[in-house]
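Trainee: There's a structure below that I have some questions on.
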Amino acid sequence: MMKKLLMLTAAALTFIQTSMIAHAEPSRNPPAHLYEQNTMSILWFQNAGEAKALYYQGYNIGKLRLNEILKKKQYNRALKPAIVLDIDETVLDNSPYQATFVVNGKGNTFDWSKWFNRAEAKLLPGALDFLQYADSKGIKIFYISNRQEAQKQATIKNLQNVGAPQADEEHVLLQQKNENGKETRRRHVAKTHDILLLFGDNLGDFSGFDGLSDNGRIEAVDKMREEFGKKLIVFPNPMYGDWEGAIYDFDKKKSWEEIERLRKDHLQISEP
């Protein structure tokens, strides 16, 4: 009897522990209705003229600023002038990959490797004209992305396929093992180059924003407001990014139920 009781107790403990682990670590594939919540974000990104206009606007500002900096020689002439750009949703459009999750109601949002390896992403509006212009002015172009180093050849191939200049081993800098964020790579570039402009769709594409809470990110933006449109060019991405991760305190072990609750809790509503 005692042996049977011990076995039942052990089984119960195992069940409880398994349930706790399952609750603490959401499955890698979210429920279909959470994919569905991204429908409007992707529709806007792919179909809104306003989205395309914002990319043209960002790259037009970049060209104006680059001309001004070069004309007035507002850079350290002991260093080579350079610009730094993120890749995904800054130069290349990955929204078709995002859309497949909504249409199919399934997919692994944490694994982009198959899509990256296809090297099929198209250019975003204004990107190529600006990159070619910067290249014609003798500006060094660095593509700093948090794609993994294992995807470097596929990434270079994709950039070269769309005609992006200076897309090679030296100028495409991807995330290294155990590296957090992009600051290490930006500093590496800054040792030999004066970075005139930075372009990205995520505040993490600029210094001073990594790991901040959602309120902390907003406060940091307010403090750096003079830099946007001057040195920092931001593009729209309502589909994914650190803006969402900050809502969850960057805790990847939260359950999907808790994630859904936090999404709604962060909405600002009008009182009836």
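Letters A, B, ... go to the chains of the structure tokens in the order shown; residues in each chain start at 1; ligands are counted from 1 in the same order.
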Could you pull the residues within 12 Å of Trp44 (chain A), counting only C-alpha atoms, minus those fewer than 4 positions along the same chain, as a list in words?

Mentor: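 Surrounding residues, per the criterion: Asn38, Thr39, Met40, Ala48, Gly49, Glu50, Ala51, Lys52, Ser95, Ala99, Pro236, Asn237, Pro238 and Met239 of chain A.
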
Trainee: Fewer than 5 positions away in the same chain doesn't count, so skip those; otherwise give me all residues within 12 Å of Arg187 (chain A), counting only C-alpha atoms, as a PDB file with N, CA, C and O atoms, in the first residue's frame.

Mentor:
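And here is the file that came out, out_4.pdb:
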```pdb
ATOM      1  N   VAL A  84      25.389  53.463 -41.276  1.00  0.00           N
ATOM      2  CA  VAL A  84      25.050  52.144 -40.755  1.00  0.00           C
ATOM      3  C   VAL A  84      23.553  51.926 -40.917  1.00  0.00           C
ATOM      4  O   VAL A  84      22.745  52.785 -40.546  1.00  0.00           O
ATOM      5  N   ILE A 144      24.314  46.296 -40.415  1.00  0.00           N
ATOM      6  CA  ILE A 144      24.445  45.636 -39.111  1.00  0.00           C
ATOM      7  C   ILE A 144      23.087  45.072 -38.718  1.00  0.00           C
ATOM      8  O   ILE A 144      22.135  45.812 -38.451  1.00  0.00           O
ATOM      9  N   LEU A 173      27.625  42.852 -41.176  1.00  0.00           N
ATOM     10  CA  LEU A 173      28.039  42.441 -39.836  1.00  0.00           C
ATOM     11  C   LEU A 173      26.849  41.858 -39.088  1.00  0.00           C
ATOM     12  O   LEU A 173      25.922  42.588 -38.697  1.00  0.00           O
ATOM     13  N   GLY A 181      22.526  42.478 -28.696  1.00  0.00           N
ATOM     14  CA  GLY A 181      22.417  43.773 -29.346  1.00  0.00           C
ATOM     15  C   GLY A 181      23.492  44.026 -30.384  1.00  0.00           C
ATOM     16  O   GLY A 181      24.240  43.129 -30.772  1.00  0.00           O
ATOM     17  N   LYS A 182      23.580  45.269 -30.825  1.00  0.00           N
ATOM     18  CA  LYS A 182      24.464  45.641 -31.930  1.00  0.00           C
ATOM     19  C   LYS A 182      25.591  46.591 -31.530  1.00  0.00           C
ATOM     20  O   LYS A 182      26.407  46.967 -32.368  1.00  0.00           O
ATOM     21  N   THR A 192      37.291  53.071 -36.912  1.00  0.00           N
ATOM     22  CA  THR A 192      37.958  53.513 -38.139  1.00  0.00           C
ATOM     23  C   THR A 192      37.078  54.400 -39.014  1.00  0.00           C
ATOM     24  O   THR A 192      37.533  54.873 -40.060  1.00  0.00           O
ATOM     25  N   HIS A 193      35.827  54.605 -38.602  1.00  0.00           N
ATOM     26  CA  HIS A 193      34.892  55.381 -39.415  1.00  0.00           C
ATOM     27  C   HIS A 193      34.114  56.368 -38.546  1.00  0.00           C
ATOM     28  O   HIS A 193      33.830  56.084 -37.382  1.00  0.00           O
ATOM     29  N   ASP A 194      33.774  57.500 -39.132  1.00  0.00           N
ATOM     30  CA  ASP A 194      32.850  58.426 -38.492  1.00  0.00           C
ATOM     31  C   ASP A 194      31.453  58.090 -39.022  1.00  0.00           C
ATOM     32  O   ASP A 194      31.165  58.280 -40.211  1.00  0.00           O
ATOM     33  N   ILE A 195      30.597  57.561 -38.149  1.00  0.00           N
ATOM     34  CA  ILE A 195      29.254  57.160 -38.563  1.00  0.00           C
ATOM     35  C   ILE A 195      28.385  58.406 -38.653  1.00  0.00           C
ATOM     36  O   ILE A 195      28.033  59.012 -37.644  1.00  0.00           O
ATOM     37  N   PHE A 206      19.947  51.765 -32.646  1.00  0.00           N
ATOM     38  CA  PHE A 206      20.681  52.949 -32.205  1.00  0.00           C
ATOM     39  C   PHE A 206      21.186  52.724 -30.780  1.00  0.00           C
ATOM     40  O   PHE A 206      20.661  51.899 -30.045  1.00  0.00           O
ATOM     41  N   SER A 207      22.192  53.459 -30.401  1.00  0.00           N
ATOM     42  CA  SER A 207      22.778  53.304 -29.064  1.00  0.00           C
ATOM     43  C   SER A 207      21.850  53.856 -27.979  1.00  0.00           C
ATOM     44  O   SER A 207      21.164  54.856 -28.180  1.00  0.00           O
TER      45      SER A 207
END
```

Trainee: Given only C-alpha atoms as the basis, pick out the residue of A:Lys152, A:Arg147, A:His33, A:Lys191 nearest to Glu170 (chain A).

Mentor: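 Residue with the minimum atom-to-atom distance to Glu170 (chain A): A:Lys152.
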
Trainee: I need the residues in region 8-247 of chain A that are alpha helix (DSSP H) according to DSSP; give them as a ChimeraX atom specification.

Mentor: /A:8-24,32-36,39-47,49-72,95-104,113-118,127-136,152-161,183-190,214-223,242-247

Trainee: Would you mind listing what lies within 12 Å of Leu124 (chain A) as a PyMOL selection string, with only C-alpha atoms counted and same-chain residues fewer than 4 positions away left out?

Mentor: chain A and resi 45-46+51-56+58-59+87-95+128-131+159+162+164+201+235-237

Trainee: Based on the backbone DSSP call, show me all residues of region 45-91 of chain A assigned strand (DSSP E or B), as a tab-separated table (two decimals) with C-alpha atoms, in the first residue's frame.

Mentor:
```tsv
chain	number	residue	atom	x	y	z
A	80	LYS	CA	36.38	57.44	-43.15
A	81	PRO	CA	32.76	58.66	-43.44
A	82	ALA	CA	30.21	55.85	-43.10
A	83	ILE	CA	26.53	55.08	-42.64
A	84	VAL	CA	25.05	52.14	-40.75
A	85	LEU	CA	21.79	50.44	-41.66
A	88	ASP	CA	15.23	43.63	-42.05
```

Trainee: At a cut-off of 10 Å, using only C-alpha atoms, what residues contact Lys230 (chain A)? Leave out same-chain residues fewer than 4 positions from it and give the result as an MDAnalysis selection string.

Mentor: chainID A and resid 61:62 64:66 196:198 225:226

Trainee: Take the residues that were just selected and, keeping N, CA and C atoms, output them as a compact mmCIF listing (two decimals), in the first residue's frame.

Mentor:
```
# COMPACT_ATOMS: atom_id res chain seq x y z
N ILE A 61 15.15 62.14 -46.31
CA ILE A 61 15.81 62.88 -45.21
C ILE A 61 17.28 62.47 -45.11
N GLY A 62 17.52 61.17 -45.26
CA GLY A 62 18.89 60.67 -45.21
C GLY A 62 19.76 61.31 -46.28
N LEU A 64 19.24 64.25 -47.81
CA LEU A 64 19.41 65.66 -47.48
C LEU A 64 20.47 65.86 -46.40
N ARG A 65 20.40 65.02 -45.37
CA ARG A 65 21.36 65.13 -44.28
C ARG A 65 22.76 64.77 -44.75
N LEU A 66 22.87 63.75 -45.57
CA LEU A 66 24.18 63.35 -46.07
C LEU A 66 24.80 64.48 -46.88
N LEU A 196 28.02 58.77 -39.87
CA LEU A 196 27.27 60.00 -40.10
C LEU A 196 25.78 59.83 -39.83
N LEU A 197 25.23 58.69 -40.24
CA LEU A 197 23.81 58.42 -40.12
C LEU A 197 23.57 56.96 -39.77
N LEU A 198 22.47 56.71 -39.03
CA LEU A 198 22.06 55.33 -38.74
C LEU A 198 20.59 55.18 -39.12
N ARG A 225 15.20 63.42 -28.72
CA ARG A 225 14.31 63.87 -29.80
C ARG A 225 15.03 64.69 -30.87
N GLU A 226 16.09 65.40 -30.52
CA GLU A 226 16.80 66.22 -31.50
C GLU A 226 17.60 65.39 -32.49
```

Trainee: When distances are computed from only C-alpha atoms, which of A:Lys223, A:Ile42, A:Asn117, A:Asp242 shows the smallest separation from Val103 (chain A)?

Mentor: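 Between A:Lys223, A:Ile42, A:Asn117, A:Asp242, the residue approaching Val103 (chain A) most closely is A:Ile42.
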
Trainee: Counting only C-alpha atoms, which of A:Asn180, A:Gly229, A:Lys157, A:Ile247 gets nearest to Glu260 (chain A)?

Mentor: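 Answer, going by the shortest atom-to-atom distance: A:Ile247.
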
Trainee: Nearest residue to Gly107 (chain A) out of A:Ala32, A:Ala220, A:Val189, A:Ile259, using only C-alpha atoms?

Mentor: A:Ala32

Trainee: If you measure from CA of Ile233 (chain A) to CA of Tyr75 (chain A), what distance in Å do you get, rounded to one decimal?

Mentor: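 Value for the CA of Ile233 (chain A)-CA of Tyr75 (chain A) distance: 17.8 Å.
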